[in-house]
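To be precise, the following lines are my_file_17.txt, and they hold compact mmCIF, C-alpha atoms.
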# COMPACT_ATOMS: atom_id res chain seq x y z
CA MET A 1 -65.25 99.46 34.81
CA THR A 2 -61.44 99.30 34.77
CA THR A 3 -59.98 98.57 31.33
CA THR A 4 -57.00 96.32 30.66
CA ALA A 5 -54.97 99.35 29.57
CA GLU A 6 -55.73 101.11 32.85
CA GLN A 7 -54.79 98.01 34.81
CA LEU A 8 -51.44 97.72 33.00
CA SER A 9 -50.67 101.40 33.42
CA ALA A 10 -51.14 100.99 37.16
CA THR A 11 -48.74 98.04 37.42
CA THR A 12 -45.00 98.32 37.88
CA LEU A 13 -42.42 97.41 35.26
CA LEU A 14 -39.62 94.90 35.89
CA ARG A 15 -36.66 94.59 33.54
CA PHE A 16 -34.90 91.27 33.96
CA ALA A 17 -32.35 89.18 32.12
CA THR A 18 -31.74 85.44 31.91
CA ALA A 19 -28.29 83.88 31.76
CA GLY A 20 -26.84 80.41 32.03
CA SER A 21 -24.42 77.95 30.53
CA VAL A 22 -25.08 76.21 27.21
CA ASP A 23 -27.98 73.73 27.33
CA ASP A 24 -29.01 74.74 30.84
CA GLY A 25 -32.48 75.43 29.44
CA LYS A 26 -32.73 79.23 29.37
CA SER A 27 -34.80 79.44 26.22
CA THR A 28 -37.04 76.63 27.45
CA LEU A 29 -37.57 78.47 30.74
CA VAL A 30 -38.47 81.68 28.93
CA GLY A 31 -40.77 79.79 26.59
CA ARG A 32 -42.44 78.05 29.53
CA LEU A 33 -42.82 81.39 31.32
CA LEU A 34 -44.48 82.95 28.28
CA HIS A 35 -46.63 79.88 27.55
CA ASP A 36 -47.88 79.21 31.07
CA SER A 37 -48.56 82.88 31.80
CA LYS A 38 -50.77 82.98 28.67
CA SER A 39 -48.46 85.52 26.99
CA VAL A 40 -48.12 83.68 23.68
CA LEU A 41 -50.34 84.50 20.71
CA THR A 42 -52.18 81.61 19.10
CA ASP A 43 -50.39 81.95 15.76
CA GLN A 44 -47.00 81.98 17.54
CA LEU A 45 -47.83 78.77 19.39
CA GLU A 46 -49.10 77.14 16.19
CA ALA A 47 -45.86 78.07 14.41
CA VAL A 48 -43.80 76.54 17.22
CA GLU A 49 -45.93 73.35 17.20
CA HIS A 50 -45.51 73.09 13.42
CA ALA A 51 -41.73 73.60 13.62
CA SER A 52 -41.50 71.05 16.42
CA ARG A 53 -43.42 68.42 14.42
CA ASN A 54 -41.13 68.98 11.45
CA ARG A 55 -38.20 68.17 13.73
CA GLY A 56 -39.84 64.96 14.90
CA GLN A 57 -40.84 66.23 18.33
CA GLU A 58 -44.23 65.29 19.74
CA ALA A 59 -44.46 68.13 22.27
CA PRO A 60 -43.91 71.75 21.22
CA ASP A 61 -40.33 72.94 21.78
CA LEU A 62 -40.96 76.09 23.80
CA ALA A 63 -37.35 77.22 23.27
CA LEU A 64 -38.36 78.14 19.72
CA LEU A 65 -40.45 80.99 21.11
CA THR A 66 -37.22 82.88 21.85
CA ASP A 67 -34.54 81.40 19.59
CA GLY A 68 -35.71 83.34 16.57
CA LEU A 69 -32.58 83.41 14.39
CA ARG A 70 -32.15 80.57 11.92
CA ALA A 71 -28.62 79.88 13.19
CA GLU A 72 -29.99 79.67 16.73
CA ARG A 73 -32.60 77.12 15.76
CA GLU A 74 -30.17 75.04 13.71
CA GLN A 75 -27.55 74.90 16.46
CA GLY A 76 -29.98 74.78 19.36
CA ILE A 77 -28.25 77.73 21.07
CA THR A 78 -28.99 81.38 21.78
CA ILE A 79 -26.69 83.82 19.97
CA ASP A 80 -28.27 87.26 20.12
CA VAL A 81 -30.09 89.00 22.95
CA ALA A 82 -33.81 88.35 22.49
CA TYR A 83 -36.13 90.88 24.11
CA ARG A 84 -39.63 89.81 25.05
CA TYR A 85 -42.45 91.91 26.44
CA PHE A 86 -45.23 90.35 28.47
CA ALA A 87 -47.54 91.22 31.33
CA THR A 88 -49.58 89.69 34.11
CA PRO A 89 -52.30 91.47 36.11
CA ARG A 90 -49.69 92.24 38.78
CA ARG A 91 -46.71 93.52 36.75
CA ARG A 92 -45.32 94.27 33.30
CA PHE A 93 -42.04 92.71 32.16
CA ILE A 94 -39.24 93.38 29.70
CA LEU A 95 -37.15 90.23 29.41
CA ALA A 96 -33.68 90.01 27.88
CA ASP A 97 -32.83 86.39 27.02
CA THR A 98 -29.02 86.44 26.79
CA PRO A 99 -26.62 83.83 25.34
CA GLY A 100 -24.74 81.31 27.44
CA HIS A 101 -21.56 80.88 25.40
CA VAL A 102 -18.32 82.42 26.65
CA GLN A 103 -17.85 84.20 23.31
CA TYR A 104 -21.17 86.01 23.81
CA THR A 105 -20.33 87.49 27.22
CA ARG A 106 -20.65 90.95 25.65
CA ASN A 107 -24.25 90.13 24.70
CA MET A 108 -25.06 89.35 28.33
CA VAL A 109 -23.54 92.68 29.36
CA THR A 110 -25.83 94.41 26.86
CA GLY A 111 -28.93 92.58 28.06
CA ALA A 112 -28.24 92.93 31.78
CA SER A 113 -27.03 96.54 31.76
CA THR A 114 -30.54 97.89 32.39
CA ALA A 115 -31.90 94.88 34.32
CA GLU A 116 -33.12 95.09 37.89
CA LEU A 117 -33.03 91.31 38.24
CA ALA A 118 -30.98 88.50 36.68
CA VAL A 119 -32.09 84.87 36.47
CA VAL A 120 -29.02 82.61 36.39
CA LEU A 121 -29.80 79.05 35.33
CA VAL A 122 -27.87 76.02 36.51
CA ASP A 123 -28.28 72.42 35.33
CA ALA A 124 -28.99 70.39 38.48
CA ARG A 125 -26.83 67.56 37.09
CA ASN A 126 -23.76 69.78 36.60
CA GLY A 127 -24.06 72.25 39.47
CA VAL A 128 -22.16 75.55 39.53
CA VAL A 129 -19.73 75.63 36.57
CA GLU A 130 -17.28 78.26 35.34
CA GLN A 131 -19.89 79.96 33.17
CA THR A 132 -22.21 80.20 36.18
CA ARG A 133 -19.51 82.06 38.06
CA ARG A 134 -18.93 84.31 35.04
CA HIS A 135 -22.60 85.24 34.90
CA ALA A 136 -22.69 85.93 38.65
CA ALA A 137 -19.61 88.13 38.24
CA VAL A 138 -21.15 90.06 35.33
CA ALA A 139 -24.34 90.60 37.35
CA ALA A 140 -22.21 91.88 40.24
CA LEU A 141 -20.18 94.16 37.93
CA LEU A 142 -23.37 95.65 36.52
CA ARG A 143 -24.76 96.14 40.05
CA VAL A 144 -27.92 94.12 39.29
CA PRO A 145 -29.74 94.37 42.64
CA HIS A 146 -31.58 91.02 42.57
CA VAL A 147 -30.26 87.64 41.40
CA VAL A 148 -32.36 84.48 41.09
CA LEU A 149 -30.60 81.12 40.95
CA ALA A 150 -32.89 78.79 38.98
CA VAL A 151 -31.69 75.21 39.50
CA ASN A 152 -33.15 73.61 36.37
CA LYS A 153 -33.75 70.00 35.28
CA MET A 154 -34.65 68.88 38.78
CA ASP A 155 -36.71 66.13 37.13
CA LEU A 156 -33.44 64.54 35.96
CA VAL A 157 -32.12 64.27 39.54
CA ASP A 158 -35.37 62.84 40.94
CA TYR A 159 -36.29 66.19 42.50
CA ALA A 160 -33.72 65.58 45.25
CA GLU A 161 -33.56 68.32 47.86
CA PRO A 162 -29.88 67.68 48.81
CA VAL A 163 -28.81 68.31 45.19
CA PHE A 164 -30.61 71.64 45.16
CA ALA A 165 -29.38 72.63 48.62
CA ALA A 166 -25.73 71.97 47.77
CA ILE A 167 -25.91 74.02 44.54
CA ALA A 168 -27.78 76.85 46.26
CA GLU A 169 -25.26 77.01 49.10
CA GLU A 170 -22.25 77.09 46.75
CA PHE A 171 -23.73 79.77 44.47
CA THR A 172 -25.01 81.91 47.33
CA ALA A 173 -21.60 81.98 49.01
CA TYR A 174 -19.86 82.90 45.73
CA ALA A 175 -22.34 85.62 44.71
CA ALA A 176 -22.39 87.12 48.20
CA SER A 177 -18.58 87.35 48.12
CA LEU A 178 -18.95 89.55 45.01
CA GLY A 179 -21.30 91.90 46.86
CA VAL A 180 -24.56 90.75 45.23
CA PRO A 181 -27.14 92.15 47.67
CA GLU A 182 -29.93 89.60 47.24
CA ILE A 183 -29.89 85.99 46.04
CA THR A 184 -32.98 83.78 45.78
CA ALA A 185 -32.67 80.09 44.82
CA ILE A 186 -35.60 78.23 43.20
CA PRO A 187 -35.64 74.55 42.11
CA ILE A 188 -37.40 74.14 38.74
CA SER A 189 -37.98 71.98 35.72
CA ALA A 190 -38.57 74.27 32.75
CA LEU A 191 -39.45 71.33 30.50
CA ALA A 192 -42.08 69.93 32.88
CA GLY A 193 -43.19 73.31 34.21
CA ASP A 194 -42.28 72.66 37.86
CA ASN A 195 -42.10 75.89 39.91
CA VAL A 196 -42.01 78.12 36.82
CA VAL A 197 -45.56 79.45 36.89
CA GLU A 198 -47.31 76.72 38.87
CA PRO A 199 -45.97 75.16 42.11
CA SER A 200 -44.43 71.73 41.69
CA ALA A 201 -46.23 68.64 43.00
CA HIS A 202 -42.88 66.82 43.06
CA MET A 203 -41.03 69.12 45.47
CA ASP A 204 -43.18 69.46 48.59
CA TRP A 205 -39.95 70.13 50.53
CA TYR A 206 -39.71 73.54 48.83
CA GLY A 207 -41.92 76.23 50.30
CA GLY A 208 -40.68 79.27 48.42
CA PRO A 209 -42.17 81.15 45.45
CA THR A 210 -42.34 80.01 41.84
CA VAL A 211 -40.24 81.93 39.33
CA LEU A 212 -43.22 84.00 38.14
CA GLU A 213 -44.43 84.66 41.68
CA HIS A 214 -41.00 85.97 42.64
CA LEU A 215 -40.82 88.12 39.50
CA GLU A 216 -44.24 89.56 40.32
CA THR A 217 -43.46 90.35 43.95
CA VAL A 218 -39.75 91.22 44.12
CA PRO A 219 -39.48 94.82 45.33
CA VAL A 220 -38.42 97.01 42.42
CA SER A 221 -37.75 100.64 43.10
CA HIS A 222 -38.00 102.94 40.10
CA ASP A 223 -37.97 105.77 42.59
CA LEU A 224 -34.78 107.62 41.73
CA THR A 225 -35.83 110.63 43.78
CA GLY A 226 -33.56 109.62 46.64
CA CYS A 227 -30.50 109.62 44.37
CA HIS A 228 -28.18 112.53 43.64
CA ALA A 229 -30.07 114.88 41.32
CA ARG A 230 -28.65 114.89 37.80
CA PHE A 231 -29.93 116.59 34.62
CA PRO A 232 -27.95 116.05 31.39
CA VAL A 233 -28.84 118.82 28.93
CA GLN A 234 -30.03 117.37 25.64
CA TYR A 235 -31.21 120.45 23.77
CA VAL A 236 -31.26 124.23 24.22
CA ILE A 237 -34.64 125.79 23.37
CA ARG A 238 -34.33 129.36 22.16
CA PRO A 239 -37.40 130.16 19.97
CA GLN A 240 -36.78 133.97 19.67
CA THR A 241 -40.36 134.55 18.53
CA ALA A 242 -42.67 137.48 19.17
CA GLU A 243 -44.55 135.36 21.70
CA HIS A 244 -41.38 134.17 23.46
CA PRO A 245 -38.67 136.76 22.72
CA ASP A 246 -36.49 135.99 25.74
CA TYR A 247 -37.27 132.33 26.39
CA ARG A 248 -34.22 130.16 27.03
CA GLY A 249 -34.79 126.63 28.27
CA TYR A 250 -32.68 123.53 28.68
CA ALA A 251 -34.48 120.34 27.71
CA GLY A 252 -33.66 116.77 28.65
CA GLN A 253 -34.56 113.81 30.82
CA ILE A 254 -33.84 113.91 34.54
CA ALA A 255 -31.41 111.05 35.11
CA ALA A 256 -31.90 110.91 38.88
CA GLY A 257 -33.20 112.87 41.84
CA VAL A 258 -35.57 115.83 42.19
CA PHE A 259 -35.36 119.42 40.95
CA ARG A 260 -37.37 122.31 42.44
CA VAL A 261 -38.03 125.90 41.40
CA GLY A 262 -35.83 128.23 43.45
CA GLU A 263 -33.10 125.62 43.95
CA PRO A 264 -29.49 126.76 43.39
CA VAL A 265 -27.72 124.60 40.82
CA THR A 266 -24.27 124.13 39.30
CA VAL A 267 -23.64 123.69 35.59
CA LEU A 268 -20.84 121.25 34.80
CA PRO A 269 -18.13 121.13 33.59
CA SER A 270 -17.93 124.96 33.70
CA GLY A 271 -18.83 125.17 37.40
CA ARG A 272 -21.04 128.24 36.86
CA THR A 273 -23.96 128.55 39.28
CA SER A 274 -27.50 129.79 38.94
CA THR A 275 -31.02 129.19 40.30
CA ILE A 276 -33.92 127.29 38.75
CA ALA A 277 -36.42 129.98 37.69
CA GLY A 278 -38.98 127.60 36.22
CA ILE A 279 -39.69 124.01 35.15
CA ASP A 280 -41.82 123.25 32.10
CA LEU A 281 -43.43 119.81 31.86
CA LEU A 282 -45.69 118.86 28.95
CA GLY A 283 -46.48 122.49 28.23
CA ASP A 284 -47.27 123.43 31.83
CA SER A 285 -45.16 125.11 34.48
CA VAL A 286 -44.56 123.01 37.60
CA ASP A 287 -42.76 123.64 40.87
CA ILE A 288 -41.08 120.24 41.12
CA ALA A 289 -39.91 117.48 38.74
CA TRP A 290 -38.23 114.14 39.29
CA ALA A 291 -36.59 111.27 37.42
CA PRO A 292 -37.27 109.99 34.81
CA GLN A 293 -39.45 112.89 33.65
CA SER A 294 -38.50 114.81 30.51
CA VAL A 295 -38.63 118.53 31.28
CA THR A 296 -37.27 121.92 30.34
CA LEU A 297 -35.39 123.85 33.03
CA ARG A 298 -35.22 127.65 32.99
CA LEU A 299 -32.48 129.42 34.98
CA THR A 300 -32.34 132.94 36.39
CA ASP A 301 -29.02 133.70 34.67
CA ASP A 302 -28.15 133.59 30.96
CA ILE A 303 -24.99 131.49 31.15
CA ASP A 304 -23.28 129.44 28.49
CA ILE A 305 -24.96 126.02 28.51
CA SER A 306 -25.06 123.55 25.63
CA ARG A 307 -25.85 119.92 24.90
CA GLY A 308 -23.75 117.63 27.07
CA ASP A 309 -23.58 119.91 30.09
CA LEU A 310 -24.84 118.52 33.39
CA ILE A 311 -27.02 120.45 35.83
CA ALA A 312 -26.80 119.37 39.49
CA PRO A 313 -27.65 120.92 42.87
CA VAL A 314 -25.04 123.17 44.44
CA GLY A 315 -23.19 121.15 47.08
CA ASP A 316 -24.17 117.80 45.57
CA ALA A 317 -22.43 117.87 42.22
CA PRO A 318 -20.25 115.04 40.88
CA ALA A 319 -16.50 115.43 40.57
CA VAL A 320 -15.23 116.75 37.26
CA THR A 321 -12.25 114.92 35.82
CA GLN A 322 -10.27 114.28 32.68
CA ASP A 323 -8.80 111.02 34.00
CA VAL A 324 -11.44 108.29 33.95
CA GLU A 325 -10.68 105.04 35.79
CA ALA A 326 -13.21 102.37 35.00
CA THR A 327 -14.03 98.76 34.31
CA VAL A 328 -14.98 98.10 30.68
CA CYS A 329 -16.40 95.19 28.78
CA HIS A 330 -14.94 95.19 25.29
CA VAL A 331 -17.66 94.43 22.75
CA ALA A 332 -15.96 95.08 19.40
CA ASP A 333 -14.09 92.49 17.35
CA GLU A 334 -11.19 94.94 16.95
CA PRO A 335 -8.97 95.02 20.08
CA LEU A 336 -8.76 97.97 22.43
CA THR A 337 -5.09 98.92 22.82
CA VAL A 338 -3.08 101.38 24.88
CA GLY A 339 -2.72 104.62 22.94
CA ARG A 340 -5.97 104.10 21.05
CA ARG A 341 -7.80 107.34 20.25
CA VAL A 342 -11.52 107.05 20.99
CA LEU A 343 -14.66 109.03 21.66
CA ILE A 344 -16.23 108.69 25.09
CA LYS A 345 -20.00 109.13 25.26
CA HIS A 346 -21.33 109.93 28.73
CA THR A 347 -25.05 110.80 29.01
CA THR A 348 -25.55 113.46 26.29
CA ARG A 349 -21.87 114.49 26.15
CA THR A 350 -19.36 113.07 23.66
CA VAL A 351 -15.68 114.07 23.88
CA LYS A 352 -12.38 112.95 22.39
CA ALA A 353 -10.17 110.73 24.53
CA ILE A 354 -7.15 108.43 24.48
CA VAL A 355 -6.63 105.10 26.25
CA LYS A 356 -3.66 105.83 28.51
CA ASP A 357 -3.37 102.45 30.23
CA ILE A 358 -4.97 99.03 30.58
CA PRO A 359 -3.75 98.01 34.06
CA SER A 360 -5.41 94.60 34.16
CA ARG A 361 -7.76 92.12 32.57
CA LEU A 362 -10.27 90.31 34.76
CA THR A 363 -10.43 86.51 34.58
CA LEU A 364 -14.06 85.83 35.43
CA ASP A 365 -13.44 82.14 36.10
CA ASP A 366 -11.66 82.85 39.39
CA LEU A 367 -11.80 86.70 39.54
CA SER A 368 -8.02 86.93 39.26
CA GLN A 369 -6.43 89.98 37.63
CA HIS A 370 -4.06 89.51 34.68
CA PRO A 371 -1.74 92.55 34.96
CA ALA A 372 -0.75 94.74 32.01
CA PRO A 373 -2.45 92.75 29.22
CA GLY A 374 -1.64 95.48 26.69
CA LYS A 375 -5.02 95.10 24.99
CA LEU A 376 -8.56 93.88 25.45
CA VAL A 377 -10.21 91.65 22.85
CA ALA A 378 -13.90 90.91 22.30
CA ASN A 379 -15.68 89.78 25.50
CA ASP A 380 -12.74 90.79 27.72
CA ILE A 381 -13.46 92.71 30.91
CA GLY A 382 -10.65 94.88 32.23
CA ARG A 383 -9.60 98.04 34.00
CA VAL A 384 -8.73 101.06 31.85
CA LEU A 385 -7.47 104.58 32.36
CA VAL A 386 -8.80 107.04 29.80
CA ARG A 387 -7.65 110.64 29.41
CA THR A 388 -10.34 112.93 27.96
CA ALA A 389 -9.79 116.10 25.96
CA GLU A 390 -12.51 117.89 27.96
CA PRO A 391 -13.68 117.40 31.56
CA LEU A 392 -16.49 114.96 32.35
CA ALA A 393 -18.86 115.06 35.34
CA LEU A 394 -18.89 111.34 36.23
CA ASP A 395 -20.52 109.61 39.17
CA ALA A 396 -19.26 106.25 40.36
CA TYR A 397 -21.24 103.45 38.71
CA ALA A 398 -21.99 102.10 42.20
CA ASP A 399 -23.84 105.35 42.96
CA SER A 400 -25.64 105.74 39.65
CA ARG A 401 -25.97 103.28 36.78
CA ARG A 402 -27.18 106.15 34.58
CA THR A 403 -24.47 108.76 35.17
CA GLY A 404 -21.69 106.33 36.06
CA SER A 405 -21.73 104.50 32.73
CA PHE A 406 -20.27 105.43 29.36
CA LEU A 407 -19.36 104.08 25.93
CA LEU A 408 -16.02 104.10 24.12
CA ILE A 409 -16.62 104.70 20.42
CA ASP A 410 -14.45 104.41 17.32
CA PRO A 411 -14.17 107.99 15.97
CA ALA A 412 -13.69 106.71 12.42
CA ASP A 413 -17.00 104.89 11.94
CA GLY A 414 -19.00 105.31 15.15
CA THR A 415 -18.70 101.65 16.18
CA THR A 416 -19.14 100.96 19.89
CA LEU A 417 -15.85 99.57 21.22
CA SER A 418 -16.45 99.12 24.97
CA ALA A 419 -19.09 99.63 27.62
CA GLY A 420 -17.65 101.28 30.72
CA MET A 421 -18.50 101.53 34.42
CA ALA A 422 -16.69 104.25 36.36
CA GLY A 423 -15.16 103.53 39.74
CA ALA A 424 -14.52 100.27 41.58
CA SER A 425 -15.26 96.94 39.89
CA PHE A 426 -17.26 95.09 42.53
CA ALA A 427 -19.25 96.17 45.54
CA ALA A 428 -17.50 95.33 48.79
CA ALA A 429 -18.72 92.00 50.06
CA GLU A 430 -19.41 93.53 53.46
CA GLU A 431 -21.99 95.81 51.82
CA ALA A 432 -24.11 92.76 51.07
CA PRO A 433 -26.33 91.60 53.95
CA ALA A 434 -25.00 88.53 55.74
CA ALA A 435 -26.78 85.38 54.65
CA ASP A 436 -28.93 83.64 57.22
CA ASP A 437 -28.14 79.94 57.04
CA ASP A 438 -31.78 79.12 57.66
CA ALA A 439 -33.21 81.62 55.19
CA GLU A 440 -30.70 81.96 52.37
CA TRP A 441 -33.01 80.18 49.91
CA ASP A 442 -36.10 82.16 50.89
CA PHE A 443 -38.05 79.12 52.01

How does this structure look as structure tokens?
Amino acid sequence: MTTTAEQLSATTLLRFATAGSVDDGKSTLVGRLLHDSKSVLTDQLEAVEHASRNRGQEAPDLALLTDGLRAEREQGITIDVAYRYFATPRRRFILADTPGHVQYTRNMVTGASTAELAVVLVDARNGVVEQTRRHAAVAALLRVPHVVLAVNKMDLVDYAEPVFAAIAEEFTAYAASLGVPEITAIPISALAGDNVVEPSAHMDWYGGPTVLEHLETVPVSHDLTGCHARFPVQYVIRPQTAEHPDYRGYAGQIAAGVFRVGEPVTVLPSGRTSTIAGIDLLGDSVDIAWAPQSVTLRLTDDIDISRGDLIAPVGDAPAVTQDVEATVCHVADEPLTVGRRVLIKHTTRTVKAIVKDIPSRLTLDDLSQHPAPGKLVANDIGRVLVRTAEPLALDAYADSRRTGSFLLIDPADGTTLSAGMAGASFAAAEEAPAADDDAEWDF
């Protein structure tokens, strides 16, 4: 008989993030999703019911399931990123519930940076607002492959199809212009539960999936084997024991792609070449390994390799550079200024660097560029040019979210200053599939 643990281990994992303007109902949607999918423990639900009664509410306020900080509950807003883990028989989920305020844009960047899907909420009464466009732009910047537009509070507009259709058309056109590859629009009422887990009886004109059904069935590819093979070295294993007198292995997690015994490889940034002599996985020798397995590679030549080096196939190695052009989201309260000395952390490598230029700051409201701002303050997104003291083997973020991303760090106290994405800001709109006027809402 199959156990629950075996069932869950066989299901796929989806990481997704929610975003939306203030009072659009994100926390209520997440609470409804957890409640109706039977993912809430009895004592949690009792605590929410008790807190709701104390506030004079007859029905439990499901938003309290996610707004855990006292300040969040007092103000009725989400401040920090709240991570929730839940599962259905079809899929496991890691949910990042991100804030809606403009001043917490950096929190959304944190929550969505590893997401494969973003749920952007819109109040049906207000339609697409500036913050909606900001969230779509952040999802596009982070190359989130799937975006769901959840048009919430449909009960307050009498479940009118024209209201939903107009909002869906406006958002779809905007997101597609940013290069978002897939947009799915769903009309919901998080408070009433319409189209969240169960289909709505009030919107028979909608024939698409519920939010949970879409989350369970959206194609998610964790198969990184088709990507450029990349292996950041985390640790050099050199036991020098009687049993293993000459063993030298390079341990780490494969960031992308496949590595095979006998394959010629390049070690970056030195550019030295060798051949994979062996691959050790969980104490056994294997002929092939792929992302995201943690392995130890053994090479035929004893060459100088240390933590932070990158091993890649000969002929398919990333460019090595000391001039990094990237888009960054500034997350620290202290501004990032031209001339600032920083540390740049890329995979397992950390090197000294200096901010040479900040060519522009992005205005997410209308995607205009403010030239030569001189500095970036908290929540700003802008282009930077960073000169590193040592070469880095960087991929473009569009090619690899793992090896195309980096952090800028304050060398004095280790504080994270900015999260960076190497290469162009947005995907070209023409890379996104053209929307079919009859199918753009996945009816």

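The shell of residues at most 8 Å from A:Leu417, with all atoms listed in the file counted and near chain neighbours (fewer than 3 positions) removed, consists of His330, Val331, Ala332, Glu334, Leu336, Leu407, Leu408, Ile409 and Asp410 of chain A.
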
Let me see the file: selected residues, C-alpha atoms, as a PDB file, keeping the file's coordinate frame.
ATOM      1  CA  HIS A 330     -14.940  95.190  25.290  1.00  0.00           C
ATOM      2  CA  VAL A 331     -17.660  94.430  22.750  1.00  0.00           C
ATOM      3  CA  ALA A 332     -15.960  95.080  19.400  1.00  0.00           C
ATOM      4  CA  GLU A 334     -11.190  94.940  16.950  1.00  0.00           C
ATOM      5  CA  LEU A 336      -8.760  97.970  22.430  1.00  0.00           C
ATOM      6  CA  LEU A 407     -19.360 104.080  25.930  1.00  0.00           C
ATOM      7  CA  LEU A 408     -16.020 104.100  24.120  1.00  0.00           C
ATOM      8  CA  ILE A 409     -16.620 104.700  20.420  1.00  0.00           C
ATOM      9  CA  ASP A 410     -14.450 104.410  17.320  1.00  0.00           C
TER      10      ASP A 410
END

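The residue that comes closest to A:Glu170, out of A:Thr210, A:Thr327, A:Thr132, A:Thr347 and on the basis of all atoms listed in the file, is A:Thr132.
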
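Taking atom CA of A:Ile358 as the reference point, atom CA of A:Glu325 is found at 9.8 Å.
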
How many Å lie between atom CA of A:Asp366 and atom CA of A:Asp123, rounded to one decimal? 20.0 Å

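Minimum atom-to-atom distances from A:Gly404, A:Pro99, A:Gly179, A:Gly414 to A:Leu121 were compared using only C-alpha atoms, and the lowest value belongs to A:Pro99.
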
Given the choices A:Thr266, A:Gln322, A:Ser306, A:Thr348, which gets closest to A:Pro232 if the distance is worked out from all atoms listed in the file?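 Checking each of A:Thr266, A:Gln322, A:Ser306, A:Thr348 against A:Pro232, counting all atoms listed in the file, the winner is A:Thr348.
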
Could you give me, as an MDAnalysis selection string, the residues within 10 Å of A:Arg383, counting only C-alpha atoms and dropping anything in the same chain fewer than 6 positions from it? chainID A and resid 325:329 357:362 369 371:372 376 420:425

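Distances here use all atoms listed in the file; by that measure, the residue among A:Gly249, A:Gly283, A:Gly339, A:Gly315 closest to A:Arg298 is A:Gly249.
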
Selected residue of minimal separation from A:Pro269 among A:Pro162, A:Pro239, A:Gly252, A:Pro318, counting only C-alpha atoms: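 Selected residue with least distance to A:Pro269: A:Pro318.
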
Distance query A:Ala353 at most 7 Å, all atoms listed in the file, self and fewer than 6 positions along chain excluded, as a ChimeraX atom specification: /A:341-344,386-389

Would you output that residue set with C-alpha atoms, as a PDB file, keeping the file's coordinate frame?
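For reference, again_30.pdb as written:
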ATOM      1  CA  ARG A 341      -7.800 107.340  20.250  1.00  0.00           C
ATOM      2  CA  VAL A 342     -11.520 107.050  20.990  1.00  0.00           C
ATOM      3  CA  LEU A 343     -14.660 109.030  21.660  1.00  0.00           C
ATOM      4  CA  ILE A 344     -16.230 108.690  25.090  1.00  0.00           C
ATOM      5  CA  VAL A 386      -8.800 107.040  29.800  1.00  0.00           C
ATOM      6  CA  ARG A 387      -7.650 110.640  29.410  1.00  0.00           C
ATOM      7  CA  THR A 388     -10.340 112.930  27.960  1.00  0.00           C
ATOM      8  CA  ALA A 389      -9.790 116.100  25.960  1.00  0.00           C
TER       9      ALA A 389
END

Give the centre and edge lengths of an axis-aligned box, in Å to one decimal, that holds all listed atoms of stretch 199-218 of chain A with 3 Å on each side, as lines of an AutoDock Vina configuration file.
center_x = -43.0
center_y = 79.0
center_z = 44.3
size_x = 12.5
size_y = 30.4
size_z = 18.4

To one decimal place in Å, what is the distance between atom CA of A:Gly25 and atom CA of A:Val377?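 Interatomic distance, atom CA of A:Gly25 to atom CA of A:Val377: 28.3 Å.
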
Which of these, A:Phe171, A:Phe406, A:Phe164, A:Tyr206, has the shortest distance to A:Val148 once you count all atoms listed in the file? A:Phe171

Any idea what's packed within 12 Å of A:Met154, counting only C-alpha atoms, ignoring anything in its chain fewer than 5 positions away? Could you give it as a PyMOL selection string? chain A and resi 24-25+121-127+159-165+167+186-196+200+202-203

A:Trp290 environment, 7 Å, only C-alpha atoms, sequence neighbours closer than 6 positions dropped, as a PyMOL selection string: chain A and resi 225+254+257-259

Take stretch 149-155 of chain A, bring it up to N, CA, C and O atoms, and give me the output as a CSV table (one decimal), in the frame of the given file.
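What follows is the written file rebuild-v1.csv:
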chain,number,residue,atom,x,y,z
A,149,LEU,N,-31.2,82.3,41.4
A,149,LEU,CA,-30.6,81.1,41.0
A,149,LEU,C,-31.7,80.1,40.7
A,149,LEU,O,-32.4,79.7,41.6
A,150,ALA,N,-31.9,79.8,39.4
A,150,ALA,CA,-32.9,78.8,39.0
A,150,ALA,C,-32.2,77.5,38.7
A,150,ALA,O,-31.5,77.3,37.7
A,151,VAL,N,-32.3,76.5,39.6
A,151,VAL,CA,-31.7,75.2,39.5
A,151,VAL,C,-32.6,74.4,38.6
A,151,VAL,O,-33.6,73.9,39.1
A,152,ASN,N,-32.3,74.2,37.4
A,152,ASN,CA,-33.2,73.6,36.4
A,152,ASN,C,-32.9,72.1,36.2
A,152,ASN,O,-31.9,71.6,36.7
A,153,LYS,N,-33.8,71.4,35.6
A,153,LYS,CA,-33.8,70.0,35.3
A,153,LYS,C,-33.7,69.2,36.6
A,153,LYS,O,-33.1,68.1,36.7
A,154,MET,N,-34.5,69.6,37.5
A,154,MET,CA,-34.6,68.9,38.8
A,154,MET,C,-35.3,67.5,38.5
A,154,MET,O,-35.1,66.6,39.3
A,155,ASP,N,-36.1,67.4,37.4
A,155,ASP,CA,-36.7,66.1,37.1
A,155,ASP,C,-35.7,65.1,36.8
A,155,ASP,O,-35.9,63.9,36.9
